[in-house]
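Undergrad: I am sharing start-v2.tsv, which consists of TSV, C-alpha atoms:
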```tsv
chain	number	residue	atom	x	y	z
A	749	MET	CA	46.60	-18.21	-14.90
A	750	GLU	CA	44.19	-17.82	-12.00
A	751	GLY	CA	47.08	-17.22	-9.62
A	752	LEU	CA	48.47	-14.49	-11.86
A	753	GLU	CA	45.04	-12.85	-12.11
A	754	GLU	CA	44.70	-12.87	-8.33
A	755	GLU	CA	48.16	-11.34	-7.93
A	756	GLU	CA	47.32	-8.67	-10.50
A	757	LYS	CA	44.08	-7.90	-8.71
A	758	ALA	CA	45.89	-7.71	-5.36
A	759	GLU	CA	48.46	-5.28	-6.82
A	760	LYS	CA	45.76	-3.05	-8.31
A	761	ILE	CA	43.83	-3.10	-5.02
A	762	ALA	CA	46.93	-2.21	-3.01
A	763	SER	CA	47.77	0.65	-5.40
A	764	TRP	CA	44.21	1.95	-5.26
A	765	LEU	CA	44.04	1.77	-1.44
A	766	LYS	CA	47.37	3.56	-1.15
A	767	LYS	CA	46.07	6.28	-3.44
A	768	ILE	CA	42.85	6.60	-1.43
A	769	PHE	CA	44.36	6.69	2.06
A	770	GLY	CA	47.59	8.49	1.14
A	771	ASP	CA	49.89	8.76	4.15
A	772	GLN	CA	47.31	7.23	6.51
A	773	PRO	CA	47.61	3.53	7.35
A	774	ILE	CA	45.37	1.21	5.36
A	775	PRO	CA	42.78	-0.49	7.61
A	776	LYS	CA	43.20	-4.23	8.02
A	777	TYR	CA	40.68	-6.49	6.36
A	778	GLU	CA	40.21	-10.19	5.83
A	779	VAL	CA	41.77	-11.25	2.55
A	780	ASN	CA	39.69	-13.82	0.70
A	781	SER	CA	38.19	-14.24	-2.74
A	782	ARG	CA	35.01	-12.37	-1.84
A	783	THR	CA	36.70	-9.28	-0.35
A	784	THR	CA	39.22	-9.28	-3.20
A	785	ASP	CA	36.45	-9.29	-5.81
A	786	ILE	CA	34.56	-6.52	-4.00
A	787	LEU	CA	37.61	-4.28	-3.60
A	788	TYR	CA	38.72	-4.93	-7.17
A	789	HIS	CA	35.26	-3.97	-8.45
A	790	LEU	CA	35.33	-0.78	-6.35
A	791	SER	CA	38.81	0.10	-7.57
A	792	GLU	CA	37.79	-0.37	-11.21
A	793	CYS	CA	34.69	1.80	-10.69
A	794	ASN	CA	36.83	4.45	-9.02
A	795	ARG	CA	39.36	4.41	-11.87
A	796	ALA	CA	36.56	4.68	-14.44
A	797	ARG	CA	35.08	7.63	-12.53
A	798	ASP	CA	38.50	9.29	-12.33
A	799	ARG	CA	38.91	8.88	-16.09
A	800	ASP	CA	35.46	10.43	-16.70
A	801	ILE	CA	36.26	13.32	-14.37
A	802	SER	CA	39.58	13.86	-16.11
A	803	LEU	CA	37.82	13.99	-19.47
A	804	VAL	CA	35.30	16.51	-18.12
A	805	ILE	CA	38.10	18.64	-16.66
A	806	GLU	CA	39.99	18.58	-19.94
A	807	ASP	CA	36.84	19.55	-21.81
A	808	LEU	CA	36.22	22.45	-19.43
A	809	LYS	CA	39.83	23.57	-19.79
A	810	GLN	CA	39.49	23.45	-23.56
A	811	LYS	CA	36.32	25.53	-23.40
A	812	ALA	CA	38.02	27.98	-21.06
A	813	ARG	CA	40.89	28.35	-23.53
A	814	GLU	CA	38.39	28.91	-26.33
A	815	TYR	CA	36.54	31.55	-24.28
A	816	GLU	CA	39.80	33.28	-23.43
A	817	SER	CA	40.81	33.27	-27.06
A	818	GLU	CA	37.42	34.67	-28.10
A	819	ALA	CA	37.62	37.29	-25.35
A	820	ARG	CA	41.06	38.42	-26.58
A	821	TYR	CA	39.70	38.49	-30.10
A	822	LEU	CA	36.77	40.67	-29.06
A	823	GLN	CA	39.05	42.98	-27.06
A	824	ASP	CA	41.35	43.37	-30.03
A	825	LEU	CA	38.32	43.95	-32.27
A	826	LEU	CA	37.03	46.70	-29.97
A	827	MET	CA	40.42	48.32	-29.81
A	828	GLU	CA	40.87	48.24	-33.57
A	829	SER	CA	37.33	49.36	-34.50
A	830	VAL	CA	36.36	51.95	-31.87
A	831	ASN	CA	39.56	52.17	-29.79
A	832	LEU	CA	37.61	50.85	-26.75
A	833	SER	CA	38.93	48.47	-24.12
A	834	PHE	CA	37.23	46.76	-21.19
A	835	THR	CA	39.21	48.83	-18.68
A	836	SER	CA	38.05	52.07	-20.29
A	837	LEU	CA	34.33	51.26	-19.85
A	838	SER	CA	32.27	53.12	-17.28
A	839	SER	CA	30.76	51.30	-14.32
A	840	ILE	CA	27.38	51.14	-16.08
A	841	GLY	CA	28.98	49.82	-19.25
A	842	SER	CA	30.90	47.22	-17.25
A	843	SER	CA	27.70	46.12	-15.48
A	844	TYR	CA	25.92	45.84	-18.84
A	845	LEU	CA	28.77	43.83	-20.28
A	846	ASN	CA	28.83	41.53	-17.23
A	847	ALA	CA	25.06	41.05	-17.51
A	848	LEU	CA	25.49	40.18	-21.18
A	849	VAL	CA	28.18	37.64	-20.34
A	850	ASP	CA	26.12	36.15	-17.50
A	851	SER	CA	23.12	35.84	-19.81
A	852	ALA	CA	25.23	34.06	-22.39
A	853	LEU	CA	26.46	31.64	-19.72
A	854	VAL	CA	22.96	30.95	-18.45
A	855	LEU	CA	21.57	30.47	-21.95
A	856	GLU	CA	24.66	28.42	-22.89
A	857	THR	CA	25.19	30.32	-26.15
A	858	LYS	CA	28.41	30.06	-28.10
A	859	ASP	CA	28.76	33.88	-28.19
A	860	THR	CA	26.94	37.10	-27.27
A	861	SER	CA	25.52	37.87	-30.71
A	862	LEU	CA	21.83	38.32	-31.43
A	863	ALA	CA	21.93	35.30	-33.71
A	864	SER	CA	22.82	33.21	-30.64
A	865	PHE	CA	20.63	35.02	-28.11
A	866	ILE	CA	17.31	34.96	-30.01
A	867	PRO	CA	17.12	31.15	-30.57
A	868	ALA	CA	18.25	30.57	-26.98
A	869	VAL	CA	15.57	32.91	-25.60
A	870	ASN	CA	12.91	31.34	-27.82
A	871	SER	CA	13.92	27.87	-26.67
A	872	LEU	CA	13.83	29.01	-23.04
A	873	ALA	CA	10.36	30.55	-23.54
A	874	ALA	CA	9.11	27.36	-25.19
A	875	ASP	CA	10.42	25.32	-22.24
A	876	PHE	CA	8.72	27.73	-19.86
A	877	PHE	CA	5.32	27.40	-21.55
A	878	ARG	CA	5.67	23.61	-21.78
A	879	ASN	CA	6.47	23.43	-18.08
A	880	LYS	CA	3.60	25.80	-17.32
A	881	ALA	CA	1.14	23.62	-19.29
A	882	ARG	CA	2.51	20.51	-17.60
A	883	ASN	CA	2.12	22.15	-14.19
A	884	GLU	CA	-1.47	23.07	-15.00
A	885	GLU	CA	-2.22	19.49	-16.04
A	886	MET	CA	-0.62	18.22	-12.86
A	887	GLU	CA	-2.68	20.70	-10.82
A	888	VAL	CA	-5.88	19.42	-12.47
A	889	GLU	CA	-4.86	15.83	-11.76
A	890	LEU	CA	-4.05	16.75	-8.16
A	891	ASN	CA	-7.49	18.34	-7.76
A	892	LYS	CA	-9.12	15.19	-9.14
A	893	LEU	CA	-7.06	13.03	-6.83
A	894	GLY	CA	-7.97	15.29	-3.91
A	895	LYS	CA	-11.68	14.94	-4.67
A	896	ASN	CA	-11.36	11.18	-5.10
A	897	LEU	CA	-9.43	10.97	-1.86
A	898	THR	CA	-12.12	12.96	-0.04
A	899	ALA	CA	-14.86	10.73	-1.44
A	900	THR	CA	-12.85	7.65	-0.52
A	901	LEU	CA	-12.35	8.89	3.03
A	902	ILE	CA	-16.08	9.63	3.39
A	903	LEU	CA	-16.92	6.18	2.02
A	904	GLU	CA	-14.42	4.59	4.38
A	905	LYS	CA	-15.99	6.45	7.31
A	906	CYS	CA	-19.48	5.25	6.31
A	907	LEU	CA	-18.23	1.70	5.90
A	908	ARG	CA	-16.59	1.81	9.32
A	909	GLU	CA	-19.83	3.04	10.89
A	910	ASP	CA	-21.83	0.32	9.08
A	911	LEU	CA	-19.29	-2.24	10.19
A	912	LYS	CA	-19.62	-1.11	13.81
A	913	LYS	CA	-23.42	-1.37	13.56
A	914	GLU	CA	-23.19	-4.84	12.05
A	915	GLU	CA	-20.71	-5.94	14.71
A	916	LEU	CA	-23.07	-4.65	17.42
A	917	HIS	CA	-26.03	-6.39	15.77
A	918	LEU	CA	-24.07	-9.62	15.44
A	919	SER	CA	-22.98	-9.45	19.07
A	920	MET	CA	-26.61	-8.98	20.17
A	921	GLU	CA	-27.77	-11.85	17.93
A	922	LYS	CA	-24.96	-14.02	19.23
A	923	ALA	CA	-26.00	-13.25	22.78
A	924	LYS	CA	-29.58	-14.26	21.92
A	925	VAL	CA	-28.40	-17.48	20.28
A	926	ASP	CA	-26.17	-18.22	23.25
A	927	ARG	CA	-29.13	-17.72	25.61
A	928	ARG	CA	-31.33	-19.98	23.48
A	929	ILE	CA	-28.65	-22.65	23.36
A	930	SER	CA	-28.24	-22.33	27.10
A	931	ASN	CA	-32.02	-22.68	27.59
A	932	ILE	CA	-32.17	-25.65	25.23
A	933	ASP	CA	-29.30	-27.31	27.05
A	934	PHE	CA	-31.02	-26.64	30.37
A	935	LEU	CA	-34.35	-28.01	29.14
A	936	LYS	CA	-32.66	-31.03	27.63
A	937	ALA	CA	-30.82	-31.73	30.86
A	938	LYS	CA	-34.05	-31.21	32.82
A	939	SER	CA	-35.93	-33.54	30.46
A	940	ASP	CA	-33.25	-36.18	30.78
A	941	ASP	CA	-33.33	-35.81	34.54
A	942	LEU	CA	-37.13	-36.11	34.65
A	943	ARG	CA	-37.03	-39.11	32.32
A	944	LEU	CA	-34.52	-40.81	34.60
A	945	ARG	CA	-36.62	-39.96	37.67
A	946	ILE	CA	-39.79	-41.33	36.03
A	947	LYS	CA	-37.97	-44.46	35.01
A	948	ALA	CA	-36.55	-44.90	38.50
A	949	ALA	CA	-39.99	-44.30	40.05
A	950	GLU	CA	-41.60	-46.84	37.71
A	951	GLU	CA	-38.92	-49.36	38.56
A	952	GLN	CA	-39.52	-48.77	42.29
A	953	LEU	CA	-43.29	-49.09	41.86
A	954	SER	CA	-42.83	-52.22	39.77
A	955	ALA	CA	-40.58	-53.67	42.44
A	956	ARG	CA	-43.31	-53.01	45.03
A	957	GLY	CA	-45.81	-54.97	42.98
A	958	MET	CA	-47.72	-52.14	41.29
A	959	ASP	CA	-49.71	-53.14	38.23
A	960	ALA	CA	-47.93	-52.22	35.00
A	961	SER	CA	-51.21	-50.80	33.72
A	962	LEU	CA	-50.86	-47.95	36.24
A	963	SER	CA	-47.55	-46.78	34.84
A	964	HIS	CA	-47.23	-43.32	33.33
A	965	GLN	CA	-47.07	-44.65	29.80
A	966	SER	CA	-50.04	-46.91	30.34
A	967	LEU	CA	-52.07	-44.14	31.91
A	968	MET	CA	-51.27	-41.84	29.01
A	969	SER	CA	-52.28	-44.54	26.56
A	970	LEU	CA	-55.46	-45.22	28.53
A	971	SER	CA	-56.29	-41.51	28.57
A	972	GLU	CA	-55.84	-41.30	24.81
A	973	ASN	CA	-58.06	-44.39	24.29
A	974	SER	CA	-60.82	-42.99	26.54
A	975	MET	CA	-60.74	-39.69	24.71
A	976	ASP	CA	-61.05	-41.50	21.38
A	977	ALA	CA	-63.99	-43.52	22.71
A	978	GLU	CA	-65.73	-40.43	24.01
A	979	LEU	CA	-65.25	-38.67	20.69
A	980	THR	CA	-66.67	-41.66	18.82
A	981	LYS	CA	-69.67	-41.68	21.12
A	982	LYS	CA	-70.34	-37.98	20.44
A	983	VAL	CA	-70.20	-38.58	16.71
A	984	ASP	CA	-72.66	-41.44	16.97
A	985	MET	CA	-75.07	-39.29	18.95
A	986	MET	CA	-74.90	-36.57	16.35
A	987	GLU	CA	-75.77	-39.11	13.67
A	988	LEU	CA	-78.86	-40.20	15.62
A	989	LEU	CA	-80.22	-36.66	16.04
A	990	PRO	CA	-81.76	-36.36	12.52
A	991	ASP	CA	-83.72	-39.64	12.97
A	992	GLN	CA	-85.29	-38.41	16.19
A	993	SER	CA	-86.32	-35.12	14.56
A	994	GLN	CA	-88.00	-36.96	11.74
A	995	ARG	CA	-89.95	-39.13	14.20
A	996	ARG	CA	-91.29	-36.02	15.99
A	997	PHE	CA	-92.63	-34.54	12.80
A	998	THR	CA	-94.30	-37.79	11.79
```
Give the structure from this file in structure tokens form.

TA:
Amino acid sequence: MEGLEEEEKAEKIASWLKKIFGDQPIPKYEVNSRTTDILYHLSECNRARDRDISLVIEDLKQKAREYESEARYLQDLLMESVNLSFTSLSSIGSSYLNALVDSALVLETKDTSLASFIPAVNSLAADFFRNKARNEEMEVELNKLGKNLTATLILEKCLREDLKKEELHLSMEKAKVDRRISNIDFLKAKSDDLRLRIKAAEEQLSARGMDASLSHQSLMSLSENSMDAELTKKVDMMELLPDQSQRRFT
């Protein structure tokens, strides 16, 4: 079954390609399941479109026959009623008649009677006013959108300026922080270097027989102790001052 379907597809594709290219040679293409499916789908779409076009053409032909029949009827009616034919009309009458026919075609009326023209004109006027109202609404919406767009652009400009200011401020703060970090790193390195030098100097002095009590740490401790002793002495003296004043008065 699948083989028969493939053969049927291939025959339909070949017939369709021959119809498309006519006397020209059909371009070569790789025959496989994918290209076969694609070409078959295109051929079916083309056939469906041709059928639709044929139906439209037949419908237009039918309408043309109806219009011709109605035109002959109207000509015969004019001849019978007022003995007037289209060829006997003046140029102005012919132009009026052509304008009437063109209006009927534009309005898509079934005939040129007032009963057909009035509803068609009313419908056209209603469409016009609806479109006019819709255009006015769209114009109002466009004005609103324009105002919103202007406000948005102004806000965007302000935000960009604020962003530039903040970026400049952040860059300046970053530079300050970088300088502080650099200074801290320098002071830390200097402190470490001084600590190593002091330690090396103490080790050298210790190796030369210097008393440990003369080291930097010991001297600092001694200085703190002497300051505490001096402070205690001053406090004691202040406590003795009231006793001496009492003795003078006695």

Undergrad: Measuring between all atoms listed in the file, which one of A:Glu904, A:Ala868, A:Glu909, A:Ala937 shows the shortest distance to Glu856 (chain A)?

TA: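 For Glu856 (chain A), the nearest of the candidates is A:Ala868.
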
Undergrad: Might you pull out every residue within 12 Å of Thr783 (chain A), with all atoms listed in the file counted and same-chain residues fewer than 6 positions away left off, and present them as a list in words?

TA: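 Non-adjacent residues within range: Glu754, Lys757, Ala758, Ile761, Lys776, Tyr777, His789 and Leu790 of chain A.
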
Undergrad: Each residue of region 837-864 of chain A with at least one atom at most 12 Å from region 802-819 of chain A should appear once, together with its nearest atom pair and the corresponding distance in Å (one decimal); atoms considered: all atoms listed in the file; ordering: chain, then increasing residue number; output as a tab-separated table.

TA:
```
residue	atom	partner	partner_atom	distance
A:Val849	CA	A:Ala819	CA	10.7
A:Ala852	CA	A:Tyr815	CA	11.7
A:Leu853	CA	A:Tyr815	CA	11.1
A:Thr857	CA	A:Tyr815	CA	11.6
A:Lys858	CA	A:Tyr815	CA	9.1
A:Asp859	CA	A:Glu818	CA	8.7
A:Thr860	CA	A:Glu818	CA	10.8
```

Undergrad: Please report the interatomic distance between CA of Arg797 (chain A) and CA of Pro773 (chain A) in Å with one decimal.

TA: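 Result for CA of Arg797 (chain A) versus CA of Pro773 (chain A): 23.9 Å, one decimal.
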
Undergrad: To one decimal place, how far is CA of Pro775 (chain A) from CA of Leu787 (chain A) in Å?

TA: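 So the two atoms, CA of Pro775 (chain A) and CA of Leu787 (chain A), lie 12.9 Å apart.
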
Undergrad: Suppose you want the space between CA of Leu848 (chain A) and CA of Lys880 (chain A); what is it in Å?

TA: 26.5 Å
